[in-house]
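Input: a single structure, listed below in structure tokens.
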Amino acid sequence: MEVCDWGDVPVGWRRRHLLGLEDMSAGEIELILDQAERFRLILMRGASYESCNRKIPLLSGKTCVNLFFENSTRTKTSFSLAARRLGMDVVDFSASTSSLSKGETFIDTVKNLEAMQVDVIVVRHSCPGTAMLLSENIRGHVLNAGDGAHEHPTQALLDILTIRQRFGKVAGLTVALVGDIAHSRTARSNIWGLRALGANVILCGPSTLVSRQWEALGVKVSYSLDAILDQVDVFNLLRIQFERQVIRPFPSTREYAHLYGMDAARLAKAKTDVLIIAPGPINRGLEVTPDVADGQHSAILDQVTNGVAIRMATLWMCINVKPEN
Ligand code: NCD
């Protein structure tokens with residue numbers, strides 16, 4: 001096994017937890033992106049060189065618990081893989097079969113897990129603020145894997161890494177977040193991260209899902225996708241979050257797809273080097289047509305690859321943080 005000399009966590013990183021991007025500086029975001037890029041290169045090398053078994057065991061002996069109270073494919077799997085590739089032991093906690101159903105409180109449950117010498121809790125919960133609450137009540141490190149419609153920091157970081165890889169920069173680019181802004185934690189984290197790095201952000205969707213009040217965050221709002229097609233470098237196509245909506249925000253999914261779905265006709269009117277990304281899961285035929293999702297402008301699967309590297313970077317940096325850094 002190849003063991004690299006990775007030295008210390010980069011100077012300037014002082015966070016024990018990853019709760020969100022709202023208060024994160026451009027410098028901190030860049031430290032994560034740069035570290036993720038290093039991990040990604042090693043992992044890619046492992047795919048083609050027999051000598052490397054795709055493990056970078058910087059965190060062997062440490063334990064990570066995945067505490068997911070909402071469904072997940074990409075985020076949970078890639079946090080597990082990231083932790084394993086760093087040599088950690090990983091436990092996937094099943095909320096539905098736990099003693100939470102016997103009346104134990106959330107904090108008691110996590111304190112019991114922590115008493116088994118757990119170092120990191122990766123948490124996803126429908127309630128905004130859950131990761132922050134945990135970070136104030138346990139000794140270990142907390143990484144937010146999505147708290148309600150509030151934040152999803154690692155998703156935004158992997159989106160931004162994918163954009164940076166493709167364009168070599170983020171500052172000055174115009175990124176449109178299209179779809180269900182109102183209920184999307186991915187949108188919030190992207191807005192804060194992209195604005196910190198100097199990108200222009202346009203929010204696009206029906207007025208029932210995109211309020212003009214968002215302009216206070218330094219973004220533009222457009223209710224017409226067709227009107228912005230030729231101005232945008234990156235379209236981030238967000239899923240309609242039916243599970244968080246109290247009332248249907250548009251008459252029919254057919255109408256939504258007609259007005260806001262990305263298809264070949266719209267792509268033909270976009271910039272020639274336009275990038276299409278989506279956090280997934282994608283609903284083919286709703287926010288994006290299959291030919292666009294699988295086409296040459298799409299980096300949707302690159303995002304997934306980058307997700308493992310981003311999660312490795314954030315795990316390593318939060319666990320190894322030095323107070324004097
Ligand atoms: C996002 C999420 O869960 O917030 N997905 C993800 O983490 N890959 C977006 C979504 O569910 O639409």
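Letters for chains follow the order of the structure tokens (A, B, ...), residue numbers begin at 1 for each chain, and ligand numbers begin at 1 in the order shown.
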Selection near A:Ile191, 12 Å with only C-alpha atoms, sequence-local residues under 2 positions removed, as an mmCIF file with N, CA, C and O atoms, in the first residue's frame:
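around_13.cif, written as the output of this step:
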data_model
loop_
_atom_site.group_PDB
_atom_site.id
_atom_site.type_symbol
_atom_site.label_atom_id
_atom_site.label_comp_id
_atom_site.auth_asym_id
_atom_site.auth_seq_id
_atom_site.Cartn_x
_atom_site.Cartn_y
_atom_site.Cartn_z
ATOM 1 N N GLY A 20 -22.051 24.261 7.217
ATOM 2 C CA GLY A 20 -22.638 24.948 6.073
ATOM 3 C C GLY A 20 -21.623 25.870 5.435
ATOM 4 O O GLY A 20 -20.507 26.018 5.937
ATOM 5 N N LEU A 21 -22.044 26.497 4.332
ATOM 6 C CA LEU A 21 -21.138 27.412 3.627
ATOM 7 C C LEU A 21 -21.488 28.881 3.874
ATOM 8 O O LEU A 21 -20.781 29.768 3.408
ATOM 9 N N GLU A 22 -22.569 29.133 4.624
ATOM 10 C CA GLU A 22 -23.036 30.520 4.759
ATOM 11 C C GLU A 22 -21.949 31.440 5.306
ATOM 12 O O GLU A 22 -21.800 32.563 4.841
ATOM 13 N N ASP A 23 -21.188 30.955 6.287
ATOM 14 C CA ASP A 23 -20.182 31.832 6.904
ATOM 15 C C ASP A 23 -18.761 31.430 6.496
ATOM 16 O O ASP A 23 -17.801 31.771 7.163
ATOM 17 N N MET A 24 -18.629 30.706 5.397
ATOM 18 C CA MET A 24 -17.299 30.243 5.002
ATOM 19 C C MET A 24 -16.660 31.231 4.009
ATOM 20 O O MET A 24 -17.318 31.711 3.097
ATOM 21 N N HIS A 150 -32.264 23.652 4.464
ATOM 22 C CA HIS A 150 -31.301 24.672 4.877
ATOM 23 C C HIS A 150 -29.988 24.592 4.108
ATOM 24 O O HIS A 150 -29.747 25.366 3.192
ATOM 25 N N GLU A 151 -29.102 23.637 4.455
ATOM 26 C CA GLU A 151 -27.774 23.586 3.804
ATOM 27 C C GLU A 151 -27.399 22.150 3.430
ATOM 28 O O GLU A 151 -27.854 21.177 4.069
ATOM 29 N N HIS A 152 -26.566 22.043 2.425
ATOM 30 C CA HIS A 152 -25.995 20.759 2.001
ATOM 31 C C HIS A 152 -24.575 21.078 1.514
ATOM 32 O O HIS A 152 -24.301 21.092 0.311
ATOM 33 N N PRO A 153 -23.676 21.374 2.474
ATOM 34 C CA PRO A 153 -22.387 21.950 2.076
ATOM 35 C C PRO A 153 -21.552 21.072 1.160
ATOM 36 O O PRO A 153 -20.941 21.580 0.207
ATOM 37 N N GLN A 155 -22.504 18.942 -1.044
ATOM 38 C CA GLN A 155 -23.059 18.946 -2.409
ATOM 39 C C GLN A 155 -22.609 20.199 -3.152
ATOM 40 O O GLN A 155 -22.163 20.130 -4.299
ATOM 41 N N ALA A 156 -22.709 21.360 -2.474
ATOM 42 C CA ALA A 156 -22.288 22.598 -3.146
ATOM 43 C C ALA A 156 -20.792 22.558 -3.435
ATOM 44 O O ALA A 156 -20.353 23.001 -4.505
ATOM 45 N N LEU A 157 -20.008 22.032 -2.514
ATOM 46 C CA LEU A 157 -18.551 21.982 -2.739
ATOM 47 C C LEU A 157 -18.209 21.103 -3.939
ATOM 48 O O LEU A 157 -17.334 21.433 -4.743
ATOM 49 N N ASP A 159 -20.214 20.477 -6.442
ATOM 50 C CA ASP A 159 -20.700 21.204 -7.631
ATOM 51 C C ASP A 159 -19.646 22.226 -8.060
ATOM 52 O O ASP A 159 -19.312 22.343 -9.244
ATOM 53 N N ILE A 160 -19.144 22.971 -7.076
ATOM 54 C CA ILE A 160 -18.191 24.046 -7.383
ATOM 55 C C ILE A 160 -16.865 23.460 -7.871
ATOM 56 O O ILE A 160 -16.233 23.998 -8.789
ATOM 57 N N THR A 174 -21.117 32.803 -14.810
ATOM 58 C CA THR A 174 -22.536 32.965 -14.462
ATOM 59 C C THR A 174 -23.154 31.576 -14.305
ATOM 60 O O THR A 174 -23.121 30.764 -15.242
ATOM 61 N N VAL A 175 -23.651 31.323 -13.106
ATOM 62 C CA VAL A 175 -24.224 30.013 -12.796
ATOM 63 C C VAL A 175 -25.718 30.192 -12.524
ATOM 64 O O VAL A 175 -26.100 31.006 -11.680
ATOM 65 N N ALA A 176 -26.543 29.449 -13.247
ATOM 66 C CA ALA A 176 -27.986 29.497 -13.006
ATOM 67 C C ALA A 176 -28.419 28.271 -12.222
ATOM 68 O O ALA A 176 -28.100 27.141 -12.604
ATOM 69 N N LEU A 177 -29.111 28.516 -11.120
ATOM 70 C CA LEU A 177 -29.738 27.420 -10.373
ATOM 71 C C LEU A 177 -31.189 27.409 -10.809
ATOM 72 O O LEU A 177 -31.906 28.399 -10.621
ATOM 73 N N ILE A 181 -36.046 26.358 -5.926
ATOM 74 C CA ILE A 181 -35.112 27.061 -5.043
ATOM 75 C C ILE A 181 -35.662 27.074 -3.607
ATOM 76 O O ILE A 181 -34.923 26.893 -2.643
ATOM 77 N N SER A 184 -34.796 23.907 -1.615
ATOM 78 C CA SER A 184 -33.538 23.214 -1.912
ATOM 79 C C SER A 184 -32.382 23.663 -1.020
ATOM 80 O O SER A 184 -31.935 24.803 -1.076
ATOM 81 N N ARG A 185 -31.872 22.721 -0.227
ATOM 82 C CA ARG A 185 -30.672 22.997 0.592
ATOM 83 C C ARG A 185 -29.445 23.142 -0.318
ATOM 84 O O ARG A 185 -28.514 23.866 -0.016
ATOM 85 N N THR A 186 -29.474 22.412 -1.439
ATOM 86 C CA THR A 186 -28.389 22.524 -2.414
ATOM 87 C C THR A 186 -28.296 23.952 -2.954
ATOM 88 O O THR A 186 -27.199 24.491 -3.120
ATOM 89 N N ALA A 187 -29.459 24.569 -3.192
ATOM 90 C CA ALA A 187 -29.469 25.950 -3.713
ATOM 91 C C ALA A 187 -28.832 26.894 -2.708
ATOM 92 O O ALA A 187 -27.965 27.690 -3.062
ATOM 93 N N ARG A 188 -29.242 26.810 -1.453
ATOM 94 C CA ARG A 188 -28.696 27.733 -0.448
ATOM 95 C C ARG A 188 -27.178 27.602 -0.338
ATOM 96 O O ARG A 188 -26.447 28.585 -0.370
ATOM 97 N N SER A 189 -26.691 26.371 -0.216
ATOM 98 C CA SER A 189 -25.240 26.199 -0.065
ATOM 99 C C SER A 189 -24.510 26.661 -1.326
ATOM 100 O O SER A 189 -23.438 27.260 -1.247
ATOM 101 N N GLY A 193 -21.636 29.587 -1.442
ATOM 102 C CA GLY A 193 -20.302 29.199 -1.917
ATOM 103 C C GLY A 193 -19.916 29.926 -3.196
ATOM 104 O O GLY A 193 -18.808 30.457 -3.323
ATOM 105 N N LEU A 194 -20.839 29.966 -4.146
ATOM 106 C CA LEU A 194 -20.538 30.611 -5.430
ATOM 107 C C LEU A 194 -20.333 32.112 -5.269
ATOM 108 O O LEU A 194 -19.436 32.696 -5.881
ATOM 109 N N ARG A 195 -21.139 32.751 -4.449
ATOM 110 C CA ARG A 195 -20.982 34.193 -4.230
ATOM 111 C C ARG A 195 -19.647 34.479 -3.543
ATOM 112 O O ARG A 195 -18.955 35.433 -3.905
ATOM 113 N N ALA A 196 -19.276 33.637 -2.579
ATOM 114 C CA ALA A 196 -17.991 33.849 -1.894
ATOM 115 C C ALA A 196 -16.844 33.803 -2.895
ATOM 116 O O ALA A 196 -15.868 34.551 -2.776
ATOM 117 N N LEU A 197 -16.945 32.932 -3.903
ATOM 118 C CA LEU A 197 -15.863 32.774 -4.875
ATOM 119 C C LEU A 197 -15.985 33.726 -6.071
ATOM 120 O O LEU A 197 -15.198 33.653 -7.003
ATOM 121 N N GLY A 198 -16.989 34.601 -6.057
ATOM 122 C CA GLY A 198 -17.058 35.643 -7.089
ATOM 123 C C GLY A 198 -17.830 35.270 -8.338
ATOM 124 O O GLY A 198 -17.682 35.934 -9.374
ATOM 125 N N ALA A 199 -18.657 34.222 -8.282
ATOM 126 C CA ALA A 199 -19.499 33.887 -9.438
ATOM 127 C C ALA A 199 -20.770 34.745 -9.416
ATOM 128 O O ALA A 199 -21.194 35.199 -8.354
ATOM 129 N N ASN A 200 -21.350 34.941 -10.594
ATOM 130 C CA ASN A 200 -22.671 35.583 -10.682
ATOM 131 C C ASN A 200 -23.712 34.475 -10.628
ATOM 132 O O ASN A 200 -23.572 33.469 -11.336
ATOM 133 N N VAL A 201 -24.731 34.655 -9.818
ATOM 134 C CA VAL A 201 -25.733 33.597 -9.655
ATOM 135 C C VAL A 201 -27.095 34.104 -10.107
ATOM 136 O O VAL A 201 -27.522 35.198 -9.725
ATOM 137 N N ILE A 202 -27.756 33.298 -10.952
ATOM 138 C CA ILE A 202 -29.136 33.590 -11.349
ATOM 139 C C ILE A 202 -30.016 32.452 -10.828
ATOM 140 O O ILE A 202 -29.688 31.277 -11.017
ATOM 141 N N LEU A 203 -31.089 32.812 -10.157
ATOM 142 C CA LEU A 203 -32.064 31.810 -9.724
ATOM 143 C C LEU A 203 -33.219 31.826 -10.711
ATOM 144 O O LEU A 203 -33.763 32.900 -11.009
ATOM 145 N N TRP A 214 -34.894 36.675 -2.612
ATOM 146 C CA TRP A 214 -33.563 36.074 -2.701
ATOM 147 C C TRP A 214 -32.536 37.079 -3.203
ATOM 148 O O TRP A 214 -31.332 36.907 -2.998
ATOM 149 N N GLU A 215 -32.999 38.132 -3.887
ATOM 150 C CA GLU A 215 -32.055 39.114 -4.439
ATOM 151 C C GLU A 215 -31.223 39.770 -3.341
ATOM 152 O O GLU A 215 -30.129 40.262 -3.596
ATOM 153 N N ALA A 216 -31.728 39.727 -2.112
ATOM 154 C CA ALA A 216 -30.969 40.282 -0.977
ATOM 155 C C ALA A 216 -29.653 39.534 -0.772
ATOM 156 O O ALA A 216 -28.734 40.051 -0.130
ATOM 157 N N LEU A 217 -29.541 38.318 -1.312
ATOM 158 C CA LEU A 217 -28.295 37.550 -1.177
ATOM 159 C C LEU A 217 -27.307 37.877 -2.305
ATOM 160 O O LEU A 217 -26.284 37.204 -2.446
ATOM 161 N N GLY A 218 -27.621 38.870 -3.102
ATOM 162 C CA GLY A 218 -26.690 39.261 -4.178
ATOM 163 C C GLY A 218 -26.840 38.431 -5.434
ATOM 164 O O GLY A 218 -25.888 38.313 -6.212
ATOM 165 N N VAL A 219 -28.021 37.831 -5.628
ATOM 166 C CA VAL A 219 -28.262 37.024 -6.829
ATOM 167 C C VAL A 219 -29.337 37.705 -7.678
ATOM 168 O O VAL A 219 -30.050 38.574 -7.202
ATOM 169 N N LYS A 220 -29.441 37.271 -8.943
ATOM 170 C CA LYS A 220 -30.528 37.757 -9.793
ATOM 171 C C LYS A 220 -31.632 36.704 -9.809
ATOM 172 O O LYS A 220 -31.343 35.510 -9.632
ATOM 173 N N ASN A 236 -27.284 24.545 -13.201
ATOM 174 C CA ASN A 236 -27.408 23.520 -12.162
ATOM 175 C C ASN A 236 -28.903 23.218 -12.025
ATOM 176 O O ASN A 236 -29.679 24.056 -11.535
#
From a DSSP calculation on the backbone, collect every residue of stretch 53-178 of chain A in alpha helix (DSSP H) and output the set as a ChimeraX atom specification. /A:74-85,106-114,130-137,153-167
Pairwise distance, atom CA of A:His297 with atom CA of A:Thr272, equals 9.0 Å
Counting only C-alpha atoms and all ligand atoms, which residues in chain A sit no more than 8 Å from ligand 1? For each one, give the nearest pair of atoms and the distance in Å, sorted by chain then residue number, as JSON lines.
{"residue": "A:Asn71", "atom": "CA", "partner": "ligand 1", "partner_atom_place_in_ligand_line": "3 (O)", "distance": 7.7}
{"residue": "A:Ser72", "atom": "CA", "partner": "ligand 1", "partner_atom_place_in_ligand_line": "3 (O)", "distance": 6.5}
{"residue": "A:Thr73", "atom": "CA", "partner": "ligand 1", "partner_atom_place_in_ligand_line": "8 (N)", "distance": 7.1}
{"residue": "A:Arg74", "atom": "CA", "partner": "ligand 1", "partner_atom_place_in_ligand_line": "8 (N)", "distance": 5.4}
{"residue": "A:Thr75", "atom": "CA", "partner": "ligand 1", "partner_atom_place_in_ligand_line": "7 (O)", "distance": 5.2}
{"residue": "A:Ala145", "atom": "CA", "partner": "ligand 1", "partner_atom_place_in_ligand_line": "7 (O)", "distance": 7.4}
{"residue": "A:Gly146", "atom": "CA", "partner": "ligand 1", "partner_atom_place_in_ligand_line": "4 (O)", "distance": 6.0}
{"residue": "A:Gly148", "atom": "CA", "partner": "ligand 1", "partner_atom_place_in_ligand_line": "4 (O)", "distance": 8.0}
{"residue": "A:Ala149", "atom": "CA", "partner": "ligand 1", "partner_atom_place_in_ligand_line": "4 (O)", "distance": 7.6}
{"residue": "A:His152", "atom": "CA", "partner": "ligand 1", "partner_atom_place_in_ligand_line": "4 (O)", "distance": 6.4}
{"residue": "A:Gln155", "atom": "CA", "partner": "ligand 1", "partner_atom_place_in_ligand_line": "7 (O)", "distance": 6.1}
{"residue": "A:Ser184", "atom": "CA", "partner": "ligand 1", "partner_atom_place_in_ligand_line": "4 (O)", "distance": 6.4}
{"residue": "A:Arg185", "atom": "CA", "partner": "ligand 1", "partner_atom_place_in_ligand_line": "4 (O)", "distance": 5.7}
{"residue": "A:Thr186", "atom": "CA", "partner": "ligand 1", "partner_atom_place_in_ligand_line": "4 (O)", "distance": 5.6}
{"residue": "A:Leu238", "atom": "CA", "partner": "ligand 1", "partner_atom_place_in_ligand_line": "12 (O)", "distance": 6.2}
{"residue": "A:Arg239", "atom": "CA", "partner": "ligand 1", "partner_atom_place_in_ligand_line": "12 (O)", "distance": 4.5}
{"residue": "A:Ile240", "atom": "CA", "partner": "ligand 1", "partner_atom_place_in_ligand_line": "12 (O)", "distance": 6.9}
{"residue": "A:Gln241", "atom": "CA", "partner": "ligand 1", "partner_atom_place_in_ligand_line": "12 (O)", "distance": 6.2}
{"residue": "A:Pro279", "atom": "CA", "partner": "ligand 1", "partner_atom_place_in_ligand_line": "8 (N)", "distance": 4.8}
{"residue": "A:Gly280", "atom": "CA", "partner": "ligand 1", "partner_atom_place_in_ligand_line": "8 (N)", "distance": 4.8}
{"residue": "A:Pro281", "atom": "CA", "partner": "ligand 1", "partner_atom_place_in_ligand_line": "12 (O)", "distance": 5.7}
{"residue": "A:Ile282", "atom": "CA", "partner": "ligand 1", "partner_atom_place_in_ligand_line": "12 (O)", "distance": 7.4}
Residues just named, written with N, CA, C and O atoms as a PDB file, in the first residue's frame:
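That gives us result.pdb:
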ATOM      1  N   ASN A  71     -33.733   9.688   2.945  1.00  0.00           N
ATOM      2  CA  ASN A  71     -33.161   8.810   1.921  1.00  0.00           C
ATOM      3  C   ASN A  71     -31.953   9.441   1.252  1.00  0.00           C
ATOM      4  O   ASN A  71     -31.849  10.661   1.154  1.00  0.00           O
ATOM      5  N   SER A  72     -31.063   8.590   0.815  1.00  0.00           N
ATOM      6  CA  SER A  72     -29.858   9.071   0.127  1.00  0.00           C
ATOM      7  C   SER A  72     -29.240   7.936  -0.666  1.00  0.00           C
ATOM      8  O   SER A  72     -29.191   6.801  -0.196  1.00  0.00           O
ATOM      9  N   THR A  73     -28.784   8.247  -1.874  1.00  0.00           N
ATOM     10  CA  THR A  73     -27.979   7.284  -2.636  1.00  0.00           C
ATOM     11  C   THR A  73     -26.538   7.779  -2.681  1.00  0.00           C
ATOM     12  O   THR A  73     -25.625   7.167  -2.131  1.00  0.00           O
ATOM     13  N   ARG A  74     -26.338   8.935  -3.325  1.00  0.00           N
ATOM     14  CA  ARG A  74     -24.994   9.464  -3.566  1.00  0.00           C
ATOM     15  C   ARG A  74     -24.297   9.905  -2.289  1.00  0.00           C
ATOM     16  O   ARG A  74     -23.142   9.529  -2.030  1.00  0.00           O
ATOM     17  N   THR A  75     -24.962  10.732  -1.493  1.00  0.00           N
ATOM     18  CA  THR A  75     -24.276  11.352  -0.354  1.00  0.00           C
ATOM     19  C   THR A  75     -23.842  10.294   0.653  1.00  0.00           C
ATOM     20  O   THR A  75     -22.686  10.273   1.101  1.00  0.00           O
ATOM     21  N   ALA A 145     -24.799  16.474   6.187  1.00  0.00           N
ATOM     22  CA  ALA A 145     -25.092  15.840   4.892  1.00  0.00           C
ATOM     23  C   ALA A 145     -26.461  16.282   4.383  1.00  0.00           C
ATOM     24  O   ALA A 145     -27.050  15.616   3.522  1.00  0.00           O
ATOM     25  N   GLY A 146     -26.954  17.415   4.906  1.00  0.00           N
ATOM     26  CA  GLY A 146     -28.248  17.951   4.483  1.00  0.00           C
ATOM     27  C   GLY A 146     -29.173  18.103   5.668  1.00  0.00           C
ATOM     28  O   GLY A 146     -29.509  17.100   6.306  1.00  0.00           O
ATOM     29  N   GLY A 148     -32.783  19.529   6.292  1.00  0.00           N
ATOM     30  CA  GLY A 148     -34.024  20.067   5.729  1.00  0.00           C
ATOM     31  C   GLY A 148     -33.736  20.831   4.459  1.00  0.00           C
ATOM     32  O   GLY A 148     -32.929  20.409   3.630  1.00  0.00           O
ATOM     33  N   ALA A 149     -34.380  22.002   4.335  1.00  0.00           N
ATOM     34  CA  ALA A 149     -34.161  22.843   3.148  1.00  0.00           C
ATOM     35  C   ALA A 149     -33.067  23.867   3.411  1.00  0.00           C
ATOM     36  O   ALA A 149     -32.929  24.831   2.667  1.00  0.00           O
ATOM     37  N   HIS A 152     -26.566  22.043   2.425  1.00  0.00           N
ATOM     38  CA  HIS A 152     -25.995  20.759   2.001  1.00  0.00           C
ATOM     39  C   HIS A 152     -24.575  21.078   1.514  1.00  0.00           C
ATOM     40  O   HIS A 152     -24.301  21.092   0.311  1.00  0.00           O
ATOM     41  N   GLN A 155     -22.504  18.942  -1.044  1.00  0.00           N
ATOM     42  CA  GLN A 155     -23.059  18.946  -2.409  1.00  0.00           C
ATOM     43  C   GLN A 155     -22.609  20.199  -3.152  1.00  0.00           C
ATOM     44  O   GLN A 155     -22.163  20.130  -4.299  1.00  0.00           O
ATOM     45  N   SER A 184     -34.796  23.907  -1.615  1.00  0.00           N
ATOM     46  CA  SER A 184     -33.538  23.214  -1.912  1.00  0.00           C
ATOM     47  C   SER A 184     -32.382  23.663  -1.020  1.00  0.00           C
ATOM     48  O   SER A 184     -31.935  24.803  -1.076  1.00  0.00           O
ATOM     49  N   ARG A 185     -31.872  22.721  -0.227  1.00  0.00           N
ATOM     50  CA  ARG A 185     -30.672  22.997   0.592  1.00  0.00           C
ATOM     51  C   ARG A 185     -29.445  23.142  -0.318  1.00  0.00           C
ATOM     52  O   ARG A 185     -28.514  23.866  -0.016  1.00  0.00           O
ATOM     53  N   THR A 186     -29.474  22.412  -1.439  1.00  0.00           N
ATOM     54  CA  THR A 186     -28.389  22.524  -2.414  1.00  0.00           C
ATOM     55  C   THR A 186     -28.296  23.952  -2.954  1.00  0.00           C
ATOM     56  O   THR A 186     -27.199  24.491  -3.120  1.00  0.00           O
ATOM     57  N   LEU A 238     -32.013  21.709 -10.572  1.00  0.00           N
ATOM     58  CA  LEU A 238     -32.433  21.181  -9.262  1.00  0.00           C
ATOM     59  C   LEU A 238     -33.730  20.398  -9.377  1.00  0.00           C
ATOM     60  O   LEU A 238     -34.618  20.753 -10.150  1.00  0.00           O
ATOM     61  N   ARG A 239     -33.807  19.380  -8.555  1.00  0.00           N
ATOM     62  CA  ARG A 239     -35.004  18.531  -8.541  1.00  0.00           C
ATOM     63  C   ARG A 239     -36.160  19.274  -7.859  1.00  0.00           C
ATOM     64  O   ARG A 239     -35.943  20.043  -6.926  1.00  0.00           O
ATOM     65  N   ILE A 240     -37.367  19.024  -8.332  1.00  0.00           N
ATOM     66  CA  ILE A 240     -38.549  19.538  -7.629  1.00  0.00           C
ATOM     67  C   ILE A 240     -38.722  18.687  -6.367  1.00  0.00           C
ATOM     68  O   ILE A 240     -38.906  17.471  -6.439  1.00  0.00           O
ATOM     69  N   GLN A 241     -38.665  19.342  -5.210  1.00  0.00           N
ATOM     70  CA  GLN A 241     -38.637  18.614  -3.931  1.00  0.00           C
ATOM     71  C   GLN A 241     -40.076  18.364  -3.438  1.00  0.00           C
ATOM     72  O   GLN A 241     -40.506  18.951  -2.440  1.00  0.00           O
ATOM     73  N   PRO A 279     -27.600  17.956  -8.924  1.00  0.00           N
ATOM     74  CA  PRO A 279     -27.174  17.228  -7.722  1.00  0.00           C
ATOM     75  C   PRO A 279     -27.620  15.767  -7.727  1.00  0.00           C
ATOM     76  O   PRO A 279     -27.018  14.935  -7.043  1.00  0.00           O
ATOM     77  N   GLY A 280     -28.644  15.462  -8.497  1.00  0.00           N
ATOM     78  CA  GLY A 280     -29.204  14.124  -8.461  1.00  0.00           C
ATOM     79  C   GLY A 280     -29.979  13.923  -7.167  1.00  0.00           C
ATOM     80  O   GLY A 280     -29.701  14.578  -6.177  1.00  0.00           O
ATOM     81  N   PRO A 281     -30.992  13.073  -7.146  1.00  0.00           N
ATOM     82  CA  PRO A 281     -31.426  12.279  -8.286  1.00  0.00           C
ATOM     83  C   PRO A 281     -32.085  13.164  -9.349  1.00  0.00           C
ATOM     84  O   PRO A 281     -32.752  14.117  -8.996  1.00  0.00           O
ATOM     85  N   ILE A 282     -31.844  12.792 -10.637  1.00  0.00           N
ATOM     86  CA  ILE A 282     -32.520  13.556 -11.695  1.00  0.00           C
ATOM     87  C   ILE A 282     -33.832  12.843 -12.057  1.00  0.00           C
ATOM     88  O   ILE A 282     -33.917  11.621 -11.999  1.00  0.00           O
TER      89      ILE A 282
END
ask   = Which one is closest to A:Cys127: A:Phe69, A:Val210, A:Phe242, A:Val170? Count only C-alpha atoms.
value =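 Smallest distance to A:Cys127 is found for A:Phe69.
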Within 10 Å of A:Arg85, counting only C-alpha atoms, which residues show up once you throw out same-chain ones fewer than 5 positions away? Write them as a PyMOL selection string, please. chain A and resi 39+43+53-60+79-80+308-309+312
